[in-house]
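Structure file query.cif (mmCIF, C-alpha atoms and all ligand atoms) is printed below.
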data_target
loop_
_atom_site.label_atom_id
_atom_site.label_comp_id
_atom_site.auth_asym_id
_atom_site.auth_seq_id
_atom_site.Cartn_x
_atom_site.Cartn_y
_atom_site.Cartn_z
CA MET A 1 -22.35 114.15 104.12
CA GLU A 2 -25.70 115.56 103.01
CA SER A 3 -27.48 112.27 103.12
CA ARG A 4 -25.74 110.54 106.00
CA ALA A 5 -27.39 110.54 109.41
CA VAL A 6 -25.31 111.59 112.40
CA ALA A 7 -25.64 110.11 115.87
CA SER A 8 -24.14 110.85 119.24
CA PRO A 9 -22.24 108.01 121.00
CA GLU A 10 -25.20 107.21 123.25
CA GLY A 11 -27.48 107.35 120.25
CA SER A 12 -29.54 110.00 122.01
CA CYS A 13 -29.65 112.45 119.15
CA TYR A 14 -29.83 111.19 115.62
CA LEU A 15 -29.74 113.94 113.07
CA PRO A 16 -30.46 113.62 109.39
CA GLY A 17 -27.57 114.78 107.23
CA SER A 18 -29.86 117.33 105.55
CA LEU A 19 -30.48 119.01 108.91
CA VAL A 20 -26.75 119.13 109.65
CA TRP A 21 -26.15 120.71 106.23
CA GLU A 22 -28.90 123.26 106.78
CA ALA A 23 -27.71 124.06 110.31
CA MET A 24 -24.21 124.69 109.01
CA GLY A 25 -25.77 126.99 106.40
CA ALA A 26 -27.31 129.01 109.24
CA ALA A 27 -23.95 129.04 111.07
CA LEU A 28 -22.27 130.27 107.88
CA ASP A 29 -24.87 133.06 107.65
CA GLU A 30 -23.93 134.03 111.21
CA ALA A 31 -20.25 134.03 110.24
CA ARG A 32 -21.06 136.42 107.38
CA ARG A 33 -22.89 138.66 109.86
CA ALA A 34 -19.76 138.69 112.01
CA ARG A 35 -17.67 139.65 108.98
CA ALA A 36 -20.04 142.50 108.12
CA ARG A 37 -19.48 143.88 111.63
CA GLY A 38 -15.70 143.62 111.47
CA GLU A 39 -15.52 140.52 113.64
CA VAL A 40 -13.56 137.38 112.80
CA PRO A 41 -16.18 135.43 110.81
CA VAL A 42 -17.22 132.52 113.00
CA GLY A 43 -20.85 131.52 113.50
CA ALA A 44 -22.66 128.85 115.49
CA VAL A 45 -26.11 127.43 115.97
CA LEU A 46 -27.47 125.16 118.67
CA LEU A 47 -29.94 122.44 117.72
CA TRP A 48 -32.45 121.18 120.25
CA GLY A 49 -35.26 118.77 119.48
CA GLY A 50 -34.33 118.63 115.82
CA ARG A 51 -34.49 122.35 115.17
CA ILE A 52 -32.39 125.48 115.59
CA LEU A 53 -32.95 126.89 119.09
CA CYS A 54 -30.44 129.71 118.90
CA ARG A 55 -27.72 131.17 116.73
CA ALA A 56 -24.86 133.56 117.32
CA HIS A 57 -21.67 134.96 115.85
CA ASN A 58 -18.38 136.02 117.30
CA LEU A 59 -18.77 139.35 119.17
CA ARG A 60 -15.37 139.69 120.79
CA GLU A 61 -14.56 143.14 119.40
CA ILE A 62 -18.06 144.64 119.70
CA ARG A 63 -18.51 143.48 123.28
CA GLY A 64 -14.85 143.83 124.20
CA ASP A 65 -15.28 140.42 125.78
CA PRO A 66 -12.78 137.56 125.47
CA LEU A 67 -15.59 135.11 126.25
CA ALA A 68 -17.83 136.22 123.37
CA HIS A 69 -17.01 133.40 120.96
CA ALA A 70 -19.96 132.11 118.91
CA GLU A 71 -20.08 128.71 120.65
CA CYS A 72 -20.08 130.19 124.16
CA LEU A 73 -22.81 132.62 123.11
CA VAL A 74 -25.15 129.87 121.84
CA LEU A 75 -24.52 127.80 124.96
CA GLY A 76 -25.34 130.76 127.21
CA GLU A 77 -28.44 131.66 125.23
CA ALA A 78 -29.69 128.07 125.16
CA ALA A 79 -29.14 127.71 128.91
CA ARG A 80 -31.10 130.90 129.56
CA ARG A 81 -33.95 129.89 127.29
CA LEU A 82 -34.19 126.33 128.59
CA GLY A 83 -33.50 127.24 132.21
CA ARG A 84 -30.83 124.58 132.62
CA TRP A 85 -27.07 124.29 132.38
CA ARG A 86 -27.09 120.66 131.27
CA LEU A 87 -27.54 120.77 127.50
CA ASP A 88 -27.30 117.03 127.05
CA GLU A 89 -29.66 116.90 124.09
CA ALA A 90 -28.01 119.69 122.15
CA THR A 91 -25.97 119.62 119.00
CA VAL A 92 -23.65 122.57 118.49
CA VAL A 93 -22.82 123.36 114.89
CA VAL A 94 -19.97 125.85 114.38
CA THR A 95 -18.09 127.01 111.30
CA LEU A 96 -14.62 126.74 112.89
CA GLU A 97 -13.15 124.10 115.19
CA PRO A 98 -13.63 125.23 118.80
CA CYS A 99 -10.75 126.72 120.81
CA PRO A 100 -9.83 125.33 124.25
CA MET A 101 -12.27 127.72 126.01
CA CYS A 102 -15.21 126.72 123.83
CA ALA A 103 -14.35 123.01 123.89
CA GLY A 104 -14.26 123.35 127.69
CA ALA A 105 -17.65 125.06 127.69
CA LEU A 106 -19.12 122.28 125.53
CA LEU A 107 -17.84 119.75 128.07
CA GLN A 108 -19.27 121.77 130.98
CA ALA A 109 -22.66 121.87 129.25
CA ARG A 110 -22.51 118.08 128.59
CA VAL A 111 -23.20 118.63 124.91
CA PRO A 112 -23.13 115.19 123.26
CA LEU A 113 -22.51 116.18 119.67
CA LEU A 114 -20.37 118.82 117.97
CA VAL A 115 -20.31 119.51 114.26
CA TYR A 116 -17.66 121.84 112.91
CA GLY A 117 -16.60 123.16 109.52
CA ALA A 118 -12.97 124.20 109.12
CA ALA A 119 -10.19 122.79 111.30
CA ASP A 120 -8.14 125.40 113.20
CA PRO A 121 -4.40 124.66 113.15
CA LYS A 122 -3.74 127.67 115.43
CA ALA A 123 -6.23 127.01 118.24
CA GLY A 124 -8.30 123.91 117.50
CA ALA A 125 -9.10 121.89 120.61
CA ALA A 126 -11.38 119.30 119.04
CA GLY A 127 -8.66 117.17 117.52
CA THR A 128 -6.19 119.49 115.80
CA LEU A 129 -3.90 121.04 118.47
CA TYR A 130 -5.58 119.39 121.42
CA ASP A 131 -8.44 116.97 121.73
CA LEU A 132 -10.54 117.96 124.70
CA THR A 133 -13.55 116.22 123.15
CA ASP A 134 -12.14 112.74 123.60
CA ASP A 135 -9.89 112.65 126.64
CA PRO A 136 -10.49 109.72 129.00
CA ARG A 137 -9.17 111.80 131.92
CA LEU A 138 -12.18 114.12 131.64
CA ASN A 139 -15.68 113.18 132.80
CA HIS A 140 -17.43 113.79 129.49
CA ARG A 141 -16.77 113.10 125.83
CA LEU A 142 -18.35 114.50 122.71
CA ARG A 143 -18.94 112.89 119.41
CA VAL A 144 -17.43 115.16 116.76
CA VAL A 145 -18.31 115.44 113.09
CA ARG A 146 -15.57 117.33 111.27
CA GLY A 147 -15.30 119.13 107.97
CA VAL A 148 -18.97 119.92 107.22
CA ARG A 149 -18.96 122.66 104.55
CA ALA A 150 -15.34 123.30 105.55
CA ALA A 151 -14.44 124.95 102.24
CA GLU A 152 -17.07 127.68 102.71
CA ALA A 153 -16.09 128.28 106.34
CA GLY A 154 -12.38 128.34 105.51
CA GLN A 155 -12.87 130.72 102.59
CA LEU A 156 -14.68 133.25 104.79
CA LEU A 157 -11.77 133.21 107.23
CA ARG A 158 -9.06 133.40 104.57
CA GLU A 159 -10.77 136.33 102.83
CA PHE A 160 -11.21 138.12 106.14
CA PHE A 161 -7.57 137.83 107.14
CA ALA A 162 -6.31 138.57 103.61
CA GLY A 163 -8.39 141.77 103.65
CA ARG A 164 -6.81 142.87 106.92
CA ARG A 165 -3.24 142.63 105.67
ZN ZN A 201 -13.68 129.69 121.25
#
Rewrite the structure of this file - the entire thing - as structure tokens.
Amino acid sequence: MESRAVASPEGSCYLPGSLVWEAMGAALDEARRARARGEVPVGAVLLWGGRILCRAHNLREIRGDPLAHAECLVLGEAARRLGRWRLDEATVVVTLEPCPMCAGALLQARVPLLVYGAADPKAGAAGTLYDLTDDPRLNHRLRVVRGVRAAEAGQLLREFFAGRR
């Protein structure tokens, strides 16, 4: 994975494997920040033009906001900074497989490429429970790269939930 390049289906955004690895490292740092604040440890970064444009972690408890998942937060921040809703050159890198809301938001933003760490058997909508990223009935599809640094992402989540029991 480290050395392999990643491309979207249209070939519009080739990413070196080293960048994907590094971006997931930044997303994992965000997940650790979430953990330190008592939030479920999920982090995301958004790549634009080959570099990290913005990063966020889950803030559902702190904001009391059901929409405050890491992926939705990076999409909102990127849209504000770029002044556009169509994020068709973005790559979203997230530690946990997106839920239906976040997968829907990625579709709305026309994001071409999603990279995630751990699969989510309870809510994953990028291939596990549902696959909103590759449904011919919808007007957009995303290329998905799965399992990048999944062990690290999964361990953060397991430790968090074990600590709460
Ligand atoms: Zn979500």
task = Can you tell me which residues come within 8 Å of ligand ZN 201 (chain A) when counting all atoms listed in the file, ideally as a PyMOL selection string?
result = chain A and resi 67+69-72+98-103
Residues from last step as file, C-alpha atoms, as a tab-separated table (two decimals), in the coordinates of the input:
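What landed in result_13.tsv:
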chain	number	residue	atom	x	y	z
A	67	LEU	CA	-15.59	135.11	126.25
A	69	HIS	CA	-17.01	133.40	120.96
A	70	ALA	CA	-19.96	132.11	118.91
A	71	GLU	CA	-20.08	128.71	120.65
A	72	CYS	CA	-20.08	130.19	124.16
A	98	PRO	CA	-13.63	125.23	118.80
A	99	CYS	CA	-10.75	126.72	120.81
A	100	PRO	CA	-9.83	125.33	124.25
A	101	MET	CA	-12.27	127.72	126.01
A	102	CYS	CA	-15.21	126.72	123.83
A	103	ALA	CA	-14.35	123.01	123.89
inquiry  = Would you pick out the contacts of Arg32 in chain A at 10 Å or less, using only C-alpha atoms, so that residues sharing its chain but fewer than 6 positions from it are not included, and give the list as a PyMOL selection string?
reply    = chain A and resi 26+38-43+57+153+156-157
ask   = Need the neighbours of (-29.7, 121.7, 109.9): which residues are at most 10 Å away, counting all atoms listed in the file, as a list in words?
value =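 Neighbouring residues, ordered by chain and number, come to Leu15, Pro16, Gly17, Ser18, Leu19, Val20, Trp21, Glu22, Ala23, Met24, Gly25, Ala26, Ala27, Val45, Leu46, Leu47, Gly50, Arg51, Ile52 and Val93 of chain A.
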query = How many Å lie between CA of Trp48 in chain A and CA of Asp88 in chain A, rounded to one decimal?
reply =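 Interatomic distance, CA of Trp48 in chain A to CA of Asp88 in chain A: 9.5 Å.
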ask   = In Å to one decimal, how far is CA of Leu73 in chain A from CA of Arg141 in chain A?
value = 20.6 Å
Option closest in space to Pro121 in chain A, from A:Asp135, A:Glu61, A:Glu77, A:Glu97 [counting all atoms listed in the file] =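 Result for the nearest residue to Pro121 in chain A: A:Glu97.
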task = Quick one: everything within 9 Å of Gly117 in chain A, counting all atoms listed in the file, minus sequence neighbours fewer than 3 positions away in the same chain. Send it as a ChimeraX atom specification.
result = /A:24,93-97,145-154
Take range 100-136 of chain A, bring it up to N, CA and C atoms, and give me the output as a compact mmCIF listing (two decimals), keeping the file's coordinate frame.
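Result file is rebuild.txt:
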# COMPACT_ATOMS: atom_id res chain seq x y z
N PRO A 100 -9.78 126.02 122.95
CA PRO A 100 -9.83 125.33 124.25
C PRO A 100 -10.95 125.85 125.16
N MET A 101 -11.19 127.17 125.16
CA MET A 101 -12.27 127.72 126.01
C MET A 101 -13.62 127.15 125.60
N CYS A 102 -13.90 127.17 124.30
CA CYS A 102 -15.21 126.72 123.83
C CYS A 102 -15.36 125.20 123.96
N ALA A 103 -14.29 124.47 123.70
CA ALA A 103 -14.35 123.01 123.89
C ALA A 103 -14.63 122.73 125.37
N GLY A 104 -14.00 123.50 126.26
CA GLY A 104 -14.26 123.35 127.69
C GLY A 104 -15.71 123.66 128.04
N ALA A 105 -16.25 124.69 127.43
CA ALA A 105 -17.65 125.06 127.69
C ALA A 105 -18.60 123.97 127.19
N LEU A 106 -18.29 123.38 126.05
CA LEU A 106 -19.12 122.28 125.53
C LEU A 106 -19.12 121.09 126.49
N LEU A 107 -17.94 120.83 127.08
CA LEU A 107 -17.84 119.75 128.07
C LEU A 107 -18.66 120.10 129.31
N GLN A 108 -18.54 121.35 129.78
CA GLN A 108 -19.27 121.77 130.98
C GLN A 108 -20.77 121.65 130.77
N ALA A 109 -21.23 121.91 129.55
CA ALA A 109 -22.66 121.87 129.25
C ALA A 109 -23.13 120.45 128.91
N ARG A 110 -22.18 119.49 128.88
CA ARG A 110 -22.51 118.08 128.59
C ARG A 110 -23.14 117.91 127.21
N VAL A 111 -22.70 118.74 126.29
CA VAL A 111 -23.20 118.63 124.91
C VAL A 111 -22.70 117.32 124.31
N PRO A 112 -23.59 116.49 123.76
CA PRO A 112 -23.13 115.19 123.26
C PRO A 112 -22.55 115.21 121.85
N LEU A 113 -22.91 116.23 121.08
CA LEU A 113 -22.51 116.18 119.67
C LEU A 113 -22.10 117.56 119.17
N LEU A 114 -20.92 117.60 118.56
CA LEU A 114 -20.37 118.82 117.97
C LEU A 114 -20.15 118.58 116.49
N VAL A 115 -20.58 119.55 115.70
CA VAL A 115 -20.31 119.51 114.26
C VAL A 115 -19.53 120.76 113.93
N TYR A 116 -18.35 120.62 113.30
CA TYR A 116 -17.66 121.84 112.91
C TYR A 116 -17.26 121.81 111.44
N GLY A 117 -16.96 123.01 110.92
CA GLY A 117 -16.60 123.16 109.52
C GLY A 117 -15.10 123.04 109.32
N ALA A 118 -14.41 124.18 109.38
CA ALA A 118 -12.97 124.20 109.12
C ALA A 118 -12.18 123.83 110.37
N ALA A 119 -11.12 123.07 110.19
CA ALA A 119 -10.19 122.79 111.30
C ALA A 119 -9.38 124.06 111.57
N ASP A 120 -8.94 124.21 112.83
CA ASP A 120 -8.14 125.40 113.20
C ASP A 120 -6.75 124.98 113.66
N PRO A 121 -5.76 125.08 112.77
CA PRO A 121 -4.40 124.66 113.15
C PRO A 121 -3.76 125.54 114.21
N LYS A 122 -4.34 126.75 114.45
CA LYS A 122 -3.74 127.67 115.43
C LYS A 122 -4.35 127.53 116.82
N ALA A 123 -5.60 127.07 116.91
CA ALA A 123 -6.23 127.01 118.24
C ALA A 123 -7.19 125.85 118.41
N GLY A 124 -7.28 124.96 117.45
CA GLY A 124 -8.30 123.91 117.50
C GLY A 124 -8.11 122.93 118.65
N ALA A 125 -9.17 122.78 119.45
CA ALA A 125 -9.10 121.89 120.61
C ALA A 125 -10.08 120.73 120.50
N ALA A 126 -10.50 120.45 119.26
CA ALA A 126 -11.38 119.30 119.04
C ALA A 126 -10.69 118.33 118.09
N GLY A 127 -9.39 118.16 118.30
CA GLY A 127 -8.66 117.17 117.52
C GLY A 127 -7.42 117.67 116.80
N THR A 128 -7.31 118.99 116.59
CA THR A 128 -6.19 119.49 115.80
C THR A 128 -4.96 119.76 116.69
N LEU A 129 -5.02 120.79 117.55
CA LEU A 129 -3.90 121.04 118.47
C LEU A 129 -4.03 120.20 119.73
N TYR A 130 -5.24 120.17 120.23
CA TYR A 130 -5.58 119.39 121.42
C TYR A 130 -6.83 118.60 121.06
N ASP A 131 -7.13 117.60 121.87
CA ASP A 131 -8.44 116.97 121.73
C ASP A 131 -9.12 116.87 123.08
N LEU A 132 -9.81 117.95 123.43
CA LEU A 132 -10.54 117.96 124.70
C LEU A 132 -11.87 117.23 124.58
N THR A 133 -12.25 116.87 123.35
CA THR A 133 -13.55 116.22 123.15
C THR A 133 -13.48 114.73 123.42
N ASP A 134 -12.26 114.19 123.46
CA ASP A 134 -12.14 112.74 123.60
C ASP A 134 -10.94 112.41 124.47
N ASP A 135 -10.98 112.88 125.71
CA ASP A 135 -9.89 112.65 126.64
C ASP A 135 -10.42 111.83 127.81
N PRO A 136 -9.94 110.61 127.96
CA PRO A 136 -10.49 109.72 129.00
C PRO A 136 -10.28 110.25 130.42
